[in-house]
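Worksheet: the structure to be examined is printed underneath.
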Amino acid sequence: MSFPISAGLLDSMVLAIVSCEDTYGYEITQTMRKAVDVSESTLYPVLKRLQKSQMLETYDKEYMGRNRRYYHVTAKGAAQLSSYRSEWLEHKQKVDSILLKDQTEKTVTNNNEEEELLSSESIVGI
Amino acid sequence: MKRLEYMTILRQKLVDGGLGNDEINDALEFYEELFLDGGYENEEQTAQNLGDPEMLAKQILAENGAVGFVKPQPTMDDYVDNRGAQQTQTTQPAYNIAPDNRRTALLIIVLVTSIVWAPTLIGLLSGAFAVAVGLAAVIFSIGCVGVGLLVTGGVTAFQAPPVGVLMIGVGLFLIGLGVLIFMPFCKFVIGLFKKFFTWVIGALRKLFNNVNNSKAVSDNG
(Lines give C-alpha, C1' and ligand atoms only; values in the text may rest on other atoms or scores of the structure.)
Protein backbone atom coordinates (compact mmCIF):
# COMPACT_ATOMS: atom_id res chain seq x y z
CA MET A 1 0.00 0.00 0.00
CA SER A 2 1.24 3.48 -0.84
CA PHE A 3 0.12 4.92 2.48
CA PRO A 4 1.74 3.31 5.51
CA ILE A 5 -0.27 3.13 8.69
CA SER A 6 1.20 5.17 11.52
CA ALA A 7 1.42 4.03 15.13
CA GLY A 8 -1.06 6.68 16.15
CA LEU A 9 -3.52 5.53 13.55
CA LEU A 10 -3.17 1.93 14.71
CA ASP A 11 -3.73 2.99 18.32
CA SER A 12 -6.80 5.01 17.45
CA MET A 13 -8.30 2.26 15.30
CA VAL A 14 -7.80 -0.38 17.98
CA LEU A 15 -9.28 1.96 20.59
CA ALA A 16 -12.28 2.53 18.34
CA ILE A 17 -12.84 -1.20 17.82
CA VAL A 18 -12.70 -1.95 21.53
CA SER A 19 -14.83 1.08 22.41
CA CYS A 20 -17.75 -0.35 20.43
CA GLU A 21 -17.75 -3.47 22.53
CA ASP A 22 -15.33 -5.30 24.83
CA THR A 23 -13.59 -7.80 22.62
CA TYR A 24 -10.64 -10.19 22.38
CA GLY A 25 -7.39 -10.41 20.45
CA TYR A 26 -8.49 -12.50 17.51
CA GLU A 27 -11.55 -10.41 16.77
CA ILE A 28 -9.55 -7.18 16.99
CA THR A 29 -6.99 -8.50 14.51
CA GLN A 30 -9.69 -9.71 12.13
CA THR A 31 -11.51 -6.38 12.22
CA MET A 32 -8.27 -4.50 11.64
CA ARG A 33 -7.32 -6.72 8.73
CA LYS A 34 -10.61 -5.95 7.03
CA ALA A 35 -9.64 -2.30 6.81
CA VAL A 36 -5.86 -2.17 6.64
CA ASP A 37 -3.05 -4.46 5.67
CA VAL A 38 -1.49 -5.15 9.07
CA SER A 39 -0.03 -8.35 10.39
CA GLU A 40 -1.37 -9.83 13.61
CA SER A 41 2.09 -9.40 15.00
CA THR A 42 1.77 -5.63 14.68
CA LEU A 43 -1.26 -5.60 16.92
CA TYR A 44 0.16 -7.24 20.02
CA PRO A 45 2.57 -4.35 20.64
CA VAL A 46 -0.26 -1.91 19.99
CA LEU A 47 -2.50 -3.59 22.58
CA LYS A 48 0.42 -3.82 25.00
CA ARG A 49 1.21 -0.15 24.54
CA LEU A 50 -2.40 0.87 25.07
CA GLN A 51 -2.49 -1.23 28.24
CA LYS A 52 0.72 0.29 29.56
CA SER A 53 -0.57 3.79 28.96
CA GLN A 54 -3.81 2.80 30.72
CA MET A 55 -6.05 3.33 27.72
CA LEU A 56 -7.12 -0.29 27.76
CA GLU A 57 -7.66 -2.74 30.59
CA THR A 58 -8.12 -6.49 30.35
CA TYR A 59 -10.09 -9.20 32.02
CA ASP A 60 -10.26 -12.94 31.41
CA LYS A 61 -13.38 -14.80 30.51
CA GLU A 62 -13.71 -18.52 30.06
CA TYR A 63 -14.49 -19.75 26.60
CA MET A 64 -14.61 -23.45 25.65
CA GLY A 65 -12.51 -24.50 28.59
CA ARG A 66 -9.80 -21.89 28.14
CA ASN A 67 -9.27 -18.27 28.97
CA ARG A 68 -9.96 -15.51 26.56
CA ARG A 69 -8.53 -12.10 27.33
CA TYR A 70 -11.03 -9.33 26.77
CA TYR A 71 -10.06 -5.71 26.30
CA HIS A 72 -12.00 -2.78 27.67
CA VAL A 73 -11.52 0.95 27.01
CA THR A 74 -10.82 3.01 30.13
CA ALA A 75 -12.05 6.56 30.69
CA LYS A 76 -8.58 7.75 29.72
CA GLY A 77 -8.74 5.66 26.55
CA ALA A 78 -12.14 7.05 25.65
CA ALA A 79 -10.87 10.61 26.07
CA GLN A 80 -7.83 9.81 23.94
CA LEU A 81 -10.05 8.24 21.29
CA SER A 82 -12.20 11.33 20.95
CA SER A 83 -9.12 13.49 20.59
CA TYR A 84 -7.75 11.02 18.01
CA ARG A 85 -11.03 11.30 16.12
CA SER A 86 -11.02 15.06 15.92
CA GLU A 87 -7.34 15.06 14.98
CA TRP A 88 -8.05 12.53 12.27
CA LEU A 89 -10.93 14.56 10.85
CA GLU A 90 -8.78 17.64 10.73
CA HIS A 91 -5.91 15.74 9.17
CA LYS A 92 -8.19 14.09 6.63
CA GLN A 93 -9.76 17.36 5.60
CA LYS A 94 -6.35 18.95 5.05
CA VAL A 95 -5.17 16.03 2.95
CA ASP A 96 -8.44 15.94 1.03
CA SER A 97 -8.25 19.64 0.33
CA ILE A 98 -5.11 18.99 -1.67
CA LEU A 99 -5.49 15.42 -2.82
CA LEU A 100 -9.10 15.75 -3.97
CA LYS A 101 -8.92 19.40 -4.99
CA ASP A 102 -9.22 18.65 -8.69
CA GLN A 103 -12.35 16.63 -8.11
CA THR A 104 -13.85 19.24 -5.82
CA GLU A 105 -13.71 21.88 -8.52
CA LYS A 106 -15.13 19.58 -11.18
CA THR A 107 -18.13 18.20 -9.32
CA VAL A 108 -19.04 20.48 -6.47
CA THR A 109 -22.48 19.09 -5.78
CA ASN A 110 -21.46 15.48 -6.15
CA ASN A 111 -18.46 15.89 -3.90
CA ASN A 112 -20.48 17.35 -1.05
CA GLU A 113 -22.39 14.16 -0.87
CA GLU A 114 -19.26 12.12 -1.15
CA GLU A 115 -17.54 14.03 1.62
CA GLU A 116 -20.46 13.55 3.91
CA LEU A 117 -20.35 9.88 3.11
CA LEU A 118 -16.60 9.71 3.70
CA SER A 119 -16.70 11.47 7.05
CA SER A 120 -19.53 9.35 8.32
CA GLU A 121 -17.65 6.30 7.13
CA SER A 122 -14.51 7.36 8.91
CA ILE A 123 -16.36 7.72 12.18
CA VAL A 124 -17.84 4.26 11.85
CA GLY A 125 -14.67 2.76 10.47
CA ILE A 126 -12.14 4.22 12.87
CA MET B 1 4.20 -24.47 10.47
CA LYS B 2 1.79 -25.69 13.12
CA ARG B 3 0.89 -23.90 16.34
CA LEU B 4 3.06 -26.04 18.59
CA GLU B 5 6.17 -25.62 16.51
CA TYR B 6 5.57 -21.91 16.11
CA MET B 7 4.98 -21.34 19.81
CA THR B 8 8.03 -23.40 20.77
CA ILE B 9 10.32 -21.35 18.56
CA LEU B 10 8.75 -18.10 19.74
CA ARG B 11 9.20 -19.03 23.40
CA GLN B 12 12.79 -20.08 22.85
CA LYS B 13 13.64 -16.81 21.11
CA LEU B 14 11.99 -14.73 23.81
CA VAL B 15 13.83 -16.63 26.52
CA ASP B 16 17.09 -16.19 24.62
CA GLY B 17 16.37 -12.50 24.34
CA GLY B 18 16.30 -12.25 28.14
CA LEU B 19 12.69 -11.16 28.37
CA GLY B 20 11.10 -11.48 31.83
CA ASN B 21 8.89 -14.46 32.52
CA ASP B 22 5.75 -12.36 32.92
CA GLU B 23 6.23 -10.65 29.58
CA ILE B 24 7.01 -13.96 27.87
CA ASN B 25 3.88 -15.60 29.24
CA ASP B 26 1.79 -12.58 28.36
CA ALA B 27 2.96 -12.59 24.75
CA LEU B 28 2.67 -16.36 24.39
CA GLU B 29 -0.86 -16.30 25.78
CA PHE B 30 -1.85 -13.67 23.25
CA TYR B 31 -0.49 -15.58 20.26
CA GLU B 32 -1.76 -18.90 21.58
CA GLU B 33 -5.21 -17.32 21.71
CA LEU B 34 -4.90 -16.16 18.11
CA PHE B 35 -4.03 -19.69 17.03
CA LEU B 36 -6.89 -21.23 18.99
CA ASP B 37 -9.46 -18.65 17.88
CA GLY B 38 -8.22 -18.98 14.32
CA GLY B 39 -9.19 -22.64 14.44
CA TYR B 40 -7.22 -25.87 14.44
CA GLU B 41 -7.56 -26.34 10.69
CA ASN B 42 -6.18 -22.84 10.01
CA GLU B 43 -3.03 -23.11 12.10
CA GLU B 44 -0.77 -23.00 9.05
CA GLN B 45 -2.53 -19.89 7.79
CA THR B 46 -2.33 -18.18 11.19
CA ALA B 47 1.37 -18.95 11.39
CA GLN B 48 1.85 -17.51 7.91
CA ASN B 49 -0.02 -14.33 8.86
CA LEU B 50 2.14 -13.90 11.94
CA GLY B 51 5.29 -14.30 9.89
CA ASP B 52 8.62 -15.74 10.93
CA PRO B 53 8.55 -16.50 14.69
CA GLU B 54 12.11 -15.27 15.01
CA MET B 55 11.17 -11.90 13.55
CA LEU B 56 8.14 -11.76 15.79
CA ALA B 57 10.28 -12.45 18.83
CA LYS B 58 12.67 -9.66 17.81
CA GLN B 59 9.74 -7.32 17.43
CA ILE B 60 8.36 -8.20 20.87
CA LEU B 61 11.78 -7.75 22.43
CA ALA B 62 12.23 -4.39 20.72
CA GLU B 63 8.81 -3.22 21.79
CA ASN B 64 9.49 -4.22 25.38
CA GLY B 65 12.74 -2.33 25.34
CA ALA B 66 11.01 0.74 23.96
CA VAL B 67 7.94 0.71 26.17
CA GLY B 68 7.58 3.88 28.12
CA PHE B 69 9.56 5.89 25.60
CA VAL B 70 7.01 5.53 22.83
CA LYS B 71 4.31 8.11 23.14
CA PRO B 72 1.61 7.35 20.61
CA GLN B 73 1.15 10.35 18.34
CA PRO B 74 -1.06 10.43 15.27
CA THR B 75 1.64 11.66 12.96
CA MET B 76 2.35 10.20 9.59
CA ASP B 77 6.13 10.02 9.98
CA ASP B 78 6.47 7.19 12.52
CA TYR B 79 5.65 4.41 10.12
CA VAL B 80 4.94 0.98 11.45
CA ASP B 81 6.66 -1.09 8.85
CA ASN B 82 9.90 -3.04 8.77
CA ARG B 83 12.02 0.08 8.77
CA GLY B 84 10.26 1.25 11.89
CA ALA B 85 10.74 -2.10 13.55
CA GLN B 86 14.45 -2.05 12.84
CA GLN B 87 14.77 1.46 14.19
CA THR B 88 13.19 0.53 17.48
CA GLN B 89 15.51 -2.44 17.75
CA THR B 90 18.40 -0.10 18.40
CA THR B 91 16.88 0.52 21.82
CA GLN B 92 17.34 -3.13 22.68
CA PRO B 93 20.61 -2.72 24.63
CA ALA B 94 18.77 -0.45 27.08
CA TYR B 95 16.47 -3.34 27.77
CA ASN B 96 19.27 -5.81 28.37
CA ILE B 97 19.46 -4.87 32.03
CA ALA B 98 17.43 -8.04 32.28
CA PRO B 99 15.04 -8.70 35.18
CA ASP B 100 17.07 -11.83 35.94
CA ASN B 101 20.02 -9.66 36.82
CA ARG B 102 17.95 -7.95 39.46
CA ARG B 103 17.52 -11.28 41.21
CA THR B 104 21.22 -11.98 41.06
CA ALA B 105 21.85 -8.51 42.43
CA LEU B 106 19.42 -9.16 45.27
CA LEU B 107 21.24 -12.38 46.11
CA ILE B 108 24.59 -10.60 46.12
CA ILE B 109 23.20 -7.88 48.36
CA VAL B 110 21.84 -10.48 50.76
CA LEU B 111 25.20 -12.29 50.82
CA VAL B 112 27.27 -9.13 51.29
CA THR B 113 25.08 -7.71 54.03
CA SER B 114 25.18 -11.09 55.77
CA ILE B 115 28.39 -9.82 57.42
CA VAL B 116 26.17 -7.42 59.35
CA TRP B 117 22.99 -9.39 59.89
CA ALA B 118 24.36 -12.91 60.33
CA PRO B 119 26.10 -12.23 63.71
CA THR B 120 23.06 -10.29 64.93
CA LEU B 121 20.82 -13.15 63.92
CA ILE B 122 23.07 -15.75 65.53
CA GLY B 123 23.24 -13.63 68.71
CA LEU B 124 19.46 -13.29 68.86
CA LEU B 125 19.04 -16.99 68.19
CA SER B 126 21.50 -17.95 70.95
CA GLY B 127 19.75 -15.55 73.33
CA ALA B 128 16.38 -17.08 72.57
CA PHE B 129 17.86 -20.55 72.99
CA ALA B 130 19.41 -19.63 76.35
CA VAL B 131 16.12 -18.23 77.64
CA ALA B 132 14.31 -21.36 76.51
CA VAL B 133 16.87 -23.65 78.19
CA GLY B 134 16.76 -21.52 81.38
CA LEU B 135 12.98 -21.73 81.58
CA ALA B 136 13.11 -25.46 80.92
CA ALA B 137 15.66 -25.82 83.75
CA VAL B 138 13.45 -23.88 86.19
CA ILE B 139 10.49 -26.08 85.36
CA PHE B 140 12.68 -29.18 85.62
CA SER B 141 13.98 -28.06 89.00
CA ILE B 142 10.40 -27.70 90.28
CA GLY B 143 9.98 -31.39 89.42
CA CYS B 144 13.26 -32.21 91.18
CA VAL B 145 12.20 -30.34 94.34
CA GLY B 146 9.00 -32.36 94.18
CA VAL B 147 10.98 -35.62 94.06
CA GLY B 148 13.17 -34.41 96.95
CA LEU B 149 10.15 -33.50 99.07
CA LEU B 150 8.58 -36.85 98.30
CA VAL B 151 11.66 -38.74 99.51
CA THR B 152 12.15 -36.52 102.60
CA GLY B 153 8.44 -36.73 103.33
CA GLY B 154 8.64 -40.52 103.20
CA VAL B 155 11.38 -40.48 105.84
CA THR B 156 9.72 -37.76 107.99
CA ALA B 157 6.41 -39.65 107.92
CA PHE B 158 7.88 -42.15 110.41
CA GLN B 159 8.95 -39.41 112.88
CA ALA B 160 6.14 -36.85 112.50
CA PRO B 161 3.40 -38.35 110.35
CA PRO B 162 1.36 -35.17 109.66
CA VAL B 163 4.42 -33.21 108.47
CA GLY B 164 5.58 -36.20 106.45
CA VAL B 165 2.22 -36.57 104.71
CA LEU B 166 2.16 -32.83 103.97
CA MET B 167 5.65 -33.03 102.44
CA ILE B 168 4.69 -36.10 100.35
CA GLY B 169 1.58 -34.26 99.17
CA VAL B 170 3.48 -31.12 98.20
CA GLY B 171 6.16 -33.26 96.56
CA LEU B 172 3.62 -35.13 94.45
CA PHE B 173 1.94 -31.84 93.54
CA LEU B 174 5.24 -30.31 92.39
CA ILE B 175 6.19 -33.42 90.35
CA GLY B 176 2.81 -33.32 88.64
CA LEU B 177 3.13 -29.59 87.96
CA GLY B 178 6.65 -30.04 86.59
CA VAL B 179 5.65 -32.86 84.26
CA LEU B 180 2.51 -31.02 83.11
CA ILE B 181 4.41 -27.85 82.20
CA PHE B 182 7.77 -29.30 81.17
CA MET B 183 6.67 -31.58 78.32
CA PRO B 184 4.41 -29.13 76.44
CA PHE B 185 6.94 -26.35 76.98
CA CYS B 186 9.74 -28.40 75.38
CA LYS B 187 7.49 -29.36 72.51
CA PHE B 188 6.49 -25.73 71.99
CA VAL B 189 10.06 -24.46 71.97
CA ILE B 190 11.29 -27.20 69.63
CA GLY B 191 8.35 -26.52 67.31
CA LEU B 192 9.17 -22.83 67.30
CA PHE B 193 12.82 -23.41 66.36
CA LYS B 194 11.83 -25.92 63.71
CA LYS B 195 9.42 -23.45 62.16
CA PHE B 196 12.04 -20.74 62.15
CA PHE B 197 14.65 -22.91 60.44
CA THR B 198 12.18 -24.16 57.84
CA TRP B 199 11.35 -20.56 57.08
CA VAL B 200 15.01 -19.56 56.72
CA ILE B 201 15.76 -22.52 54.48
CA GLY B 202 12.63 -21.84 52.43
CA ALA B 203 13.60 -18.19 51.95
CA LEU B 204 17.12 -19.11 50.87
CA ARG B 205 15.88 -21.76 48.47
CA LYS B 206 13.43 -19.31 46.92
CA LEU B 207 16.19 -16.80 46.40
CA PHE B 208 18.50 -19.32 44.76
CA ASN B 209 15.69 -20.78 42.67
CA ASN B 210 14.82 -17.38 41.27
CA VAL B 211 18.36 -16.91 40.11
CA ASN B 212 18.47 -20.30 38.46
CA ASN B 213 14.96 -19.99 37.10
CA SER B 214 15.84 -18.48 33.73
CA LYS B 215 18.26 -21.33 33.07
CA ALA B 216 15.64 -23.89 33.96
CA VAL B 217 13.10 -22.29 31.66
CA SER B 218 15.48 -22.22 28.74
CA ASP B 219 16.24 -25.89 29.34
CA ASN B 220 12.52 -26.66 29.25
CA GLY B 221 11.74 -24.46 26.26
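All residue names refer to the C-alpha coordinates as shown: chains lettered A, B, ... in order, residues numbered from 1 in each chain, ligands numbered from 1 in order.
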
Task: Counting only C-alpha atoms, chain A residues within 6 Å of chain B, as a ChimeraX atom specification - done: /A:6-9,26,40-41

Please dump the current selection as a CSV table (one decimal), in the first residue's frame; keep N, CA and C atoms.
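For reference, out_1.csv as written:
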```csv
chain,number,residue,atom,x,y,z
A,6,SER,N,0.4,4.7,10.4
A,6,SER,CA,1.2,5.2,11.5
A,6,SER,C,0.8,4.5,12.8
A,7,ALA,N,1.7,4.6,13.8
A,7,ALA,CA,1.4,4.0,15.1
A,7,ALA,C,0.2,4.7,15.7
A,8,GLY,N,0.1,6.0,15.6
A,8,GLY,CA,-1.1,6.7,16.2
A,8,GLY,C,-2.4,6.2,15.5
A,9,LEU,N,-2.3,6.0,14.2
A,9,LEU,CA,-3.5,5.5,13.5
A,9,LEU,C,-3.9,4.1,14.0
A,26,TYR,N,-8.2,-12.0,18.9
A,26,TYR,CA,-8.5,-12.5,17.5
A,26,TYR,C,-9.5,-11.6,16.8
A,40,GLU,N,-0.9,-9.6,12.2
A,40,GLU,CA,-1.4,-9.8,13.6
A,40,GLU,C,-0.3,-9.4,14.6
A,41,SER,N,1.0,-9.7,14.1
A,41,SER,CA,2.1,-9.4,15.0
A,41,SER,C,2.3,-7.9,15.3
```

Compile the contact shell of segment 19-24 of chain A as an mmCIF file with N, CA and C atoms, in the first residue's frame: residues with an atom at most 7 Å away, counting only C-alpha atoms, same-chain residues fewer than 5 positions apart removed.
```
data_model
loop_
_atom_site.group_PDB
_atom_site.id
_atom_site.type_symbol
_atom_site.label_atom_id
_atom_site.label_comp_id
_atom_site.auth_asym_id
_atom_site.auth_seq_id
_atom_site.Cartn_x
_atom_site.Cartn_y
_atom_site.Cartn_z
ATOM 1 N N ARG A 68 -10.067 -16.469 27.639
ATOM 2 C CA ARG A 68 -9.964 -15.513 26.563
ATOM 3 C C ARG A 68 -9.770 -14.155 27.221
ATOM 4 N N ARG A 69 -8.797 -13.417 26.733
ATOM 5 C CA ARG A 69 -8.530 -12.099 27.328
ATOM 6 C C ARG A 69 -9.342 -11.036 26.600
ATOM 7 N N TYR A 70 -10.210 -10.394 27.347
ATOM 8 C CA TYR A 70 -11.035 -9.333 26.772
ATOM 9 C C TYR A 70 -10.422 -7.972 27.081
ATOM 10 N N TYR A 71 -10.588 -7.061 26.133
ATOM 11 C CA TYR A 71 -10.065 -5.712 26.298
ATOM 12 C C TYR A 71 -11.219 -4.738 26.486
ATOM 13 N N HIS A 72 -10.963 -3.746 27.340
ATOM 14 C CA HIS A 72 -11.996 -2.777 27.669
ATOM 15 C C HIS A 72 -11.370 -1.384 27.662
ATOM 16 N N VAL A 73 -12.063 -0.413 27.073
ATOM 17 C CA VAL A 73 -11.525 0.946 27.008
ATOM 18 C C VAL A 73 -11.760 1.658 28.339
#
```

Task: Residues within 12 Å of Val36 of chain A, only C-alpha atoms, excluding chain neighbours under 4 positions, as a PyMOL selection string - done: chain A and resi 1-6+9-10+13-14+29-32+40+42-43+125-126

- [ ] Might you pull out every residue within 8 Å of segment 79-81 of chain A, with only C-alpha atoms counted and same-chain residues fewer than 5 positions away left off, and present them as JSON, numbers by chain?
- [x] {"A": [12, 15, 16, 55]}
